[in-house]
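Before any comments, here is the structure.
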Amino acid sequence: MNMSRMLAAGAAALLLGAAQAAPDQAFPVKMVRIVVPFTAGGLADVLARGLAQELGARWSQPVVVENRPGANTIIAAEYVARSQPDGYTLLMANDPTVSANQYLYRKLPYDPVKDFTPVASVAQTREVLLVSKDFPASSVQELVAHAKARPGQVTYGSYGQGSKAHLDAATLSEQAGIELTHVPYKGVADVMTALVGGQINMAMVGVPPSIPMVRADKVRLLAVAAPQRIAAFPDTSTFAELGFPAMVAQSWFGLIAPAGTPPAVVRKIADDVRQVVAQPAFQEKFITSVGLEPLGQGPEDFGRFLAKDRQAYEHIIRGLKVTLD
C-alpha cells in the first residue's frame, strides 16, 4: 500500500472511531426516561423526580419519570430490560427487582443479573420494629416473652406476601424462636393504618413511613434493624444491642440500565448521579429529611453491593420457604 492510501485509510479509521464514540461522548442528546415500578407519589417516585430535575438541568435535556407499577416491580423491570441499551431508558430499581424476585418466583420474564447493568445506587432505608400502642410490650424482650406464651396469637402486618416487611418479620420470628401470624395488606399505608388502629400487633417497616407515626406517638418503636443506631431515631437500640445480631435489614433504591448499555454512557450517568446525591440541598430535600441514607455508589461498587444483597435474600427466602407462584 502506498503512502497516500495508508494516510487515507488512517483518516477513515479515525473518522469511523470518532463517529462511533460520538454518541457516548455527547450523551444525552435527547430525552431520558426514568421508569419507576411504583405509583406516583411514593418514596421511589419522589426520589426519581428529584433526580430527574437535577439531571435535566445538568444535561440540558428533559429527564422524565414514567410510572409502571405492578407485579412486585416485574412489569417495569421487564419493560426496561427489553428497551434499547443506549442509556435513554433507566429503571429506579429496588430490592425486589434484582435481589429478591428470582427467589420468590419460579420463572421471571427477565434475568435480574444478565439483563441489566448497575449504574448508581441512590439511597437506602433501614427497617424498624413498631408495635401498636395498646400492645402489652414496651421492649423486644417483652414482645418475645409475650409471643412465646401465646404461640400464633401475635400478629404482624406486611405490604404483601414476600414483601420486605413479611421477610423481615418472619426472620425475627425464626431468630427469636416465636410463632407469629402474618396479615398481608396492599401497601405500607394500609399496614400503618392497621397498626395505629390496633388491628395488628406489630410490623417491620421502613424508617420514612415510621417517622411521623412515632413522633405523633401513634405507635411504639422498639428496635432498629441496622448495624448501628440511626440519625432518625438516635435513642433507639439496634437489634444487635438487644441480642439479635443477625437482624440487619435495609431497602435500597438505585438506577440500573439494560444490559449492553455502552460503558461510557453508564459512567457518565453514574458520575452525574453521584454528584447530585452528594449535594447537601438534594440530600436534605429528598433523602435525609424523609429518613433515607445517601449511597451514591458507582457501577462497580453498586454491582458488588447487589451481589451481596442477592446472596442475603437467597438465604432468607429459601430458609423461610416463601414462594409467590
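Going by the C-alpha cells order, chains are called A, B, ..., each with residues numbered from 1, while ligands are numbered from 1 in the order shown.
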
### Message
For the structure I just gave you, how does DSSP split segment 174-214 of chain A - specifically, which residues are alpha helix (DSSP H)? Reply as a ChimeraX atom specification.
### Response
/A:174-176,188-197,207-214

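The shell of residues at most 9 Å from segment 305-317 of chain A, with only C-alpha atoms counted and near chain neighbours (fewer than 3 positions) removed, consists of Asp95, Val98, Ser99, Ala100, Gln102, Tyr103, Leu104, Pro118, Gly162, Leu167, Asp168, Thr171, Gln297, Glu300, Asp301, Phe302, Leu320, Lys321, Val322 and Thr323 of chain A.
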
May I have the selected residues written with C-alpha atoms, as a compact mmCIF listing (two decimals), in the first residue's frame?
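As a result, result.txt now contains:
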# COMPACT_ATOMS: atom_id res chain seq x y z
CA ASP A 95 -34.72 -4.89 46.35
CA VAL A 98 -32.86 -7.63 41.08
CA SER A 99 -32.34 -9.15 44.53
CA ALA A 100 -35.45 -10.99 45.72
CA GLN A 102 -35.69 -14.59 41.35
CA TYR A 103 -36.09 -16.49 44.62
CA LEU A 104 -39.78 -15.65 45.10
CA PRO A 118 -25.77 -1.49 37.53
CA GLY A 162 -42.92 -11.97 50.05
CA LEU A 167 -39.49 -11.41 55.16
CA ASP A 168 -38.07 -9.27 57.97
CA THR A 171 -36.77 -13.64 60.08
CA GLN A 297 -22.13 4.10 44.58
CA GLU A 300 -18.58 -1.39 40.19
CA ASP A 301 -19.38 -0.75 43.86
CA PHE A 302 -23.12 -0.94 43.18
CA LEU A 320 -38.28 -19.43 55.08
CA LYS A 321 -39.59 -21.38 52.05
CA VAL A 322 -41.54 -18.39 50.75
CA THR A 323 -42.86 -18.52 47.16

Sort by chain and increasing residue number a table of all residues of segment 100-202 of chain A within 9 Å of segment 245-255 of chain A, each with its closest pair of atoms and their distance in Å to one decimal, counting only C-alpha atoms, and write it as JSON lines.
{"residue": "A:Pro118", "atom": "CA", "partner": "A:Leu255", "partner_atom": "CA", "distance": 6.8}
{"residue": "A:Val119", "atom": "CA", "partner": "A:Leu255", "partner_atom": "CA", "distance": 5.5}
{"residue": "A:Ala120", "atom": "CA", "partner": "A:Leu255", "partner_atom": "CA", "distance": 5.3}
{"residue": "A:Ser121", "atom": "CA", "partner": "A:Gly254", "partner_atom": "CA", "distance": 3.9}
{"residue": "A:Val122", "atom": "CA", "partner": "A:Gly254", "partner_atom": "CA", "distance": 4.9}
{"residue": "A:Ala123", "atom": "CA", "partner": "A:Phe253", "partner_atom": "CA", "distance": 5.4}
{"residue": "A:Gln124", "atom": "CA", "partner": "A:Trp252", "partner_atom": "CA", "distance": 4.0}
{"residue": "A:Thr125", "atom": "CA", "partner": "A:Ser251", "partner_atom": "CA", "distance": 5.3}
{"residue": "A:Arg126", "atom": "CA", "partner": "A:Gln250", "partner_atom": "CA", "distance": 4.4}
{"residue": "A:Glu127", "atom": "CA", "partner": "A:Ala249", "partner_atom": "CA", "distance": 5.7}
{"residue": "A:Val128", "atom": "CA", "partner": "A:Ala249", "partner_atom": "CA", "distance": 8.5}
{"residue": "A:Lys164", "atom": "CA", "partner": "A:Ser251", "partner_atom": "CA", "distance": 7.8}
{"residue": "A:Asp168", "atom": "CA", "partner": "A:Ala249", "partner_atom": "CA", "distance": 7.0}
{"residue": "A:Thr171", "atom": "CA", "partner": "A:Met247", "partner_atom": "CA", "distance": 7.6}
{"residue": "A:Leu172", "atom": "CA", "partner": "A:Met247", "partner_atom": "CA", "distance": 6.9}
{"residue": "A:Gln175", "atom": "CA", "partner": "A:Ala246", "partner_atom": "CA", "distance": 8.2}

### Query
Which residues come within 12 Å of Arg229 of chain A, counting only C-alpha atoms, excluding same-chain residues fewer than 2 positions away, as a PyMOL selection string?
chain A and resi 126-128+223-227+231-241+248

Please write the residues from the selection above to a file, keeping all heavy atoms, as a compact mmCIF listing (two decimals), in the first residue's frame.
# COMPACT_ATOMS: atom_id res chain seq x y z
N ARG A 126 -33.42 1.95 56.45
CA ARG A 126 -33.38 0.84 57.40
C ARG A 126 -34.79 0.47 57.83
O ARG A 126 -35.72 1.26 57.69
CB ARG A 126 -32.54 1.24 58.62
CG ARG A 126 -31.09 1.51 58.30
CD ARG A 126 -30.40 0.27 57.79
NE ARG A 126 -28.99 0.52 57.44
CZ ARG A 126 -28.14 -0.40 57.05
NH1 ARG A 126 -28.54 -1.65 56.95
NH2 ARG A 126 -26.90 -0.10 56.76
N GLU A 127 -34.93 -0.73 58.35
CA GLU A 127 -36.22 -1.20 58.83
C GLU A 127 -36.27 -1.09 60.36
O GLU A 127 -35.25 -1.24 61.04
CB GLU A 127 -36.44 -2.66 58.43
CG GLU A 127 -36.29 -2.93 56.94
CD GLU A 127 -37.35 -2.25 56.10
OE1 GLU A 127 -38.54 -2.53 56.32
OE2 GLU A 127 -36.99 -1.44 55.22
N VAL A 128 -37.46 -0.80 60.87
CA VAL A 128 -37.64 -0.68 62.32
C VAL A 128 -38.81 -1.55 62.76
O VAL A 128 -39.70 -1.88 61.96
CB VAL A 128 -37.89 0.79 62.74
CG1 VAL A 128 -36.70 1.65 62.35
CG2 VAL A 128 -39.16 1.33 62.11
N ALA A 223 -37.14 -1.22 68.14
CA ALA A 223 -35.76 -1.50 67.74
C ALA A 223 -35.54 -1.12 66.28
O ALA A 223 -36.48 -0.99 65.49
CB ALA A 223 -35.43 -2.98 67.93
N VAL A 224 -34.26 -0.96 65.95
CA VAL A 224 -33.84 -0.60 64.59
C VAL A 224 -33.00 -1.74 64.04
O VAL A 224 -32.07 -2.22 64.69
CB VAL A 224 -33.01 0.70 64.59
CG1 VAL A 224 -32.47 1.00 63.20
CG2 VAL A 224 -33.85 1.86 65.10
N ALA A 225 -33.32 -2.18 62.81
CA ALA A 225 -32.57 -3.28 62.18
C ALA A 225 -31.42 -2.71 61.35
O ALA A 225 -31.42 -2.77 60.13
CB ALA A 225 -33.50 -4.11 61.31
N ALA A 226 -30.45 -2.13 62.04
CA ALA A 226 -29.29 -1.51 61.39
C ALA A 226 -28.02 -1.90 62.13
O ALA A 226 -28.07 -2.30 63.30
CB ALA A 226 -29.45 0.01 61.37
N PRO A 227 -26.86 -1.79 61.47
CA PRO A 227 -25.60 -2.14 62.14
C PRO A 227 -25.29 -1.22 63.32
O PRO A 227 -24.64 -1.62 64.29
CB PRO A 227 -24.55 -1.96 61.03
CG PRO A 227 -25.32 -2.03 59.75
CD PRO A 227 -26.65 -1.45 60.06
N ALA A 231 -29.72 8.14 62.54
CA ALA A 231 -29.96 9.56 62.84
C ALA A 231 -31.43 9.86 63.11
O ALA A 231 -31.75 10.71 63.94
CB ALA A 231 -29.46 10.42 61.68
N ALA A 232 -32.34 9.17 62.43
CA ALA A 232 -33.76 9.44 62.61
C ALA A 232 -34.24 9.09 64.01
O ALA A 232 -35.11 9.77 64.57
CB ALA A 232 -34.58 8.67 61.57
N PHE A 233 -33.67 8.02 64.59
CA PHE A 233 -34.06 7.56 65.93
C PHE A 233 -32.79 7.26 66.74
O PHE A 233 -32.50 6.10 67.04
CB PHE A 233 -34.94 6.32 65.83
CG PHE A 233 -36.19 6.50 65.02
CD1 PHE A 233 -36.43 5.72 63.90
CD2 PHE A 233 -37.13 7.46 65.37
CE1 PHE A 233 -37.58 5.87 63.15
CE2 PHE A 233 -38.30 7.63 64.63
CZ PHE A 233 -38.52 6.84 63.52
N PRO A 234 -32.02 8.28 67.10
CA PRO A 234 -30.72 8.05 67.75
C PRO A 234 -30.80 7.39 69.12
O PRO A 234 -29.82 6.81 69.59
CB PRO A 234 -30.13 9.46 67.85
CG PRO A 234 -31.32 10.37 67.83
CD PRO A 234 -32.32 9.71 66.94
N ASP A 235 -31.95 7.47 69.78
CA ASP A 235 -32.07 6.90 71.13
C ASP A 235 -32.63 5.47 71.12
O ASP A 235 -32.81 4.88 72.18
CB ASP A 235 -32.98 7.79 71.99
CG ASP A 235 -32.41 9.18 72.18
OD1 ASP A 235 -31.17 9.30 72.26
OD2 ASP A 235 -33.20 10.16 72.24
N THR A 236 -32.90 4.94 69.94
CA THR A 236 -33.46 3.59 69.84
C THR A 236 -32.38 2.56 69.59
O THR A 236 -31.54 2.73 68.70
CB THR A 236 -34.51 3.53 68.70
OG1 THR A 236 -35.53 4.50 68.96
CG2 THR A 236 -35.14 2.15 68.62
N SER A 237 -32.39 1.49 70.35
CA SER A 237 -31.37 0.45 70.24
C SER A 237 -31.51 -0.33 68.94
O SER A 237 -32.60 -0.47 68.39
CB SER A 237 -31.49 -0.53 71.41
OG SER A 237 -31.30 0.12 72.65
N THR A 238 -30.38 -0.85 68.49
CA THR A 238 -30.39 -1.77 67.35
C THR A 238 -30.74 -3.16 67.87
O THR A 238 -30.63 -3.46 69.06
CB THR A 238 -29.03 -1.83 66.67
OG1 THR A 238 -28.08 -2.41 67.58
CG2 THR A 238 -28.55 -0.45 66.26
N PHE A 239 -31.16 -4.04 66.96
CA PHE A 239 -31.42 -5.42 67.35
C PHE A 239 -30.16 -6.08 67.90
O PHE A 239 -30.23 -6.91 68.81
CB PHE A 239 -31.95 -6.21 66.16
CG PHE A 239 -33.43 -6.08 65.94
CD1 PHE A 239 -33.93 -5.22 64.98
CD2 PHE A 239 -34.33 -6.81 66.70
CE1 PHE A 239 -35.30 -5.11 64.77
CE2 PHE A 239 -35.70 -6.70 66.51
CZ PHE A 239 -36.19 -5.84 65.54
N ALA A 240 -29.01 -5.72 67.33
CA ALA A 240 -27.74 -6.30 67.80
C ALA A 240 -27.51 -5.98 69.27
O ALA A 240 -27.05 -6.83 70.03
CB ALA A 240 -26.59 -5.78 66.94
N GLU A 241 -27.82 -4.76 69.66
CA GLU A 241 -27.66 -4.37 71.06
C GLU A 241 -28.59 -5.16 71.97
O GLU A 241 -28.31 -5.30 73.18
CB GLU A 241 -27.95 -2.88 71.23
CG GLU A 241 -26.92 -1.96 70.57
CD GLU A 241 -27.30 -0.50 70.71
OE1 GLU A 241 -28.12 -0.01 69.91
OE2 GLU A 241 -26.79 0.16 71.64
N VAL A 248 -30.39 -7.45 60.66
CA VAL A 248 -29.98 -6.24 59.95
C VAL A 248 -30.75 -6.20 58.64
O VAL A 248 -30.64 -7.12 57.83
CB VAL A 248 -28.46 -6.21 59.68
CG1 VAL A 248 -28.08 -4.97 58.88
CG2 VAL A 248 -27.69 -6.26 61.00

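With distances restricted to only C-alpha atoms, A:Ala257 is the closest residue to Gln84 of chain A from A:Leu292, A:Ala257, A:Ala169, A:Ile269.
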
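By only C-alpha atoms, and with residues fewer than 4 positions from segment 176-193 of chain A along its chain excluded, the set lying at most 8 Å from it is Val144, Ala147, Lys148, Pro151, Gly152, Gln153, Val154, Thr155, Tyr156, Gly157, Ser158, Tyr159, Gly160, Gln161, His166, Ala170, Leu172, Gly197, Ile200, Ala203, Val205, Pro209 and Phe244 of chain A.
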
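Here the question is which of A:Val219, A:Ala259, A:Ile211, A:Val196 gets nearest to Asp111 of chain A using only C-alpha atoms, and that residue is A:Ala259.
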
### Who sits within 9 Å of Thr97 of chain A, only C-alpha atoms, same chain under 4 positions skipped, as a ChimeraX atom specification
/A:37,72-74,76-77,93,101-102,112

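Put simply, atom CA of Gly56 of chain A is 11.4 Å away from atom CA of Val29 of chain A.
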
### Task
Give me every strand (DSSP E) residue in segment 236-315 of chain A, going by DSSP on the backbone, as a PyMOL selection string.
chain A and resi 250-258+293-294

Identify, on the basis of only C-alpha atoms, every residue whose closest approach to Gly41 of chain A does not exceed 12 Å; exclude the query and any residue fewer than 6 positions from it along the same chain; express the result as a CSV table (one decimal) with C-alpha atoms, in the first residue's frame.
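This is the output file selection12.csv:
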chain,number,residue,atom,x,y,z
A,47,LEU,CA,-36.7,10.4,44.7
A,48,ALA,CA,-36.8,9.7,41.0
A,49,ARG,CA,-38.4,13.0,40.2
A,50,GLY,CA,-35.8,14.8,42.3
A,65,VAL,CA,-40.3,9.9,35.2
A,67,ASN,CA,-44.6,5.1,36.4
A,69,PRO,CA,-46.4,-0.2,38.8

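Minimum distance to Lys218 of chain A across A:Gly206, A:Gly198, A:Pro85, A:Pro280 (counting only C-alpha atoms) occurs at A:Gly198.
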
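The closest residue to Arg68 of chain A, picked from A:Val80, A:Val46, A:Leu221, A:Ala194 and counting only C-alpha atoms, is A:Val80.
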
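What separates atom CA of Glu284 of chain A from atom CA of Ala44 of chain A is a distance of 15.8 Å.
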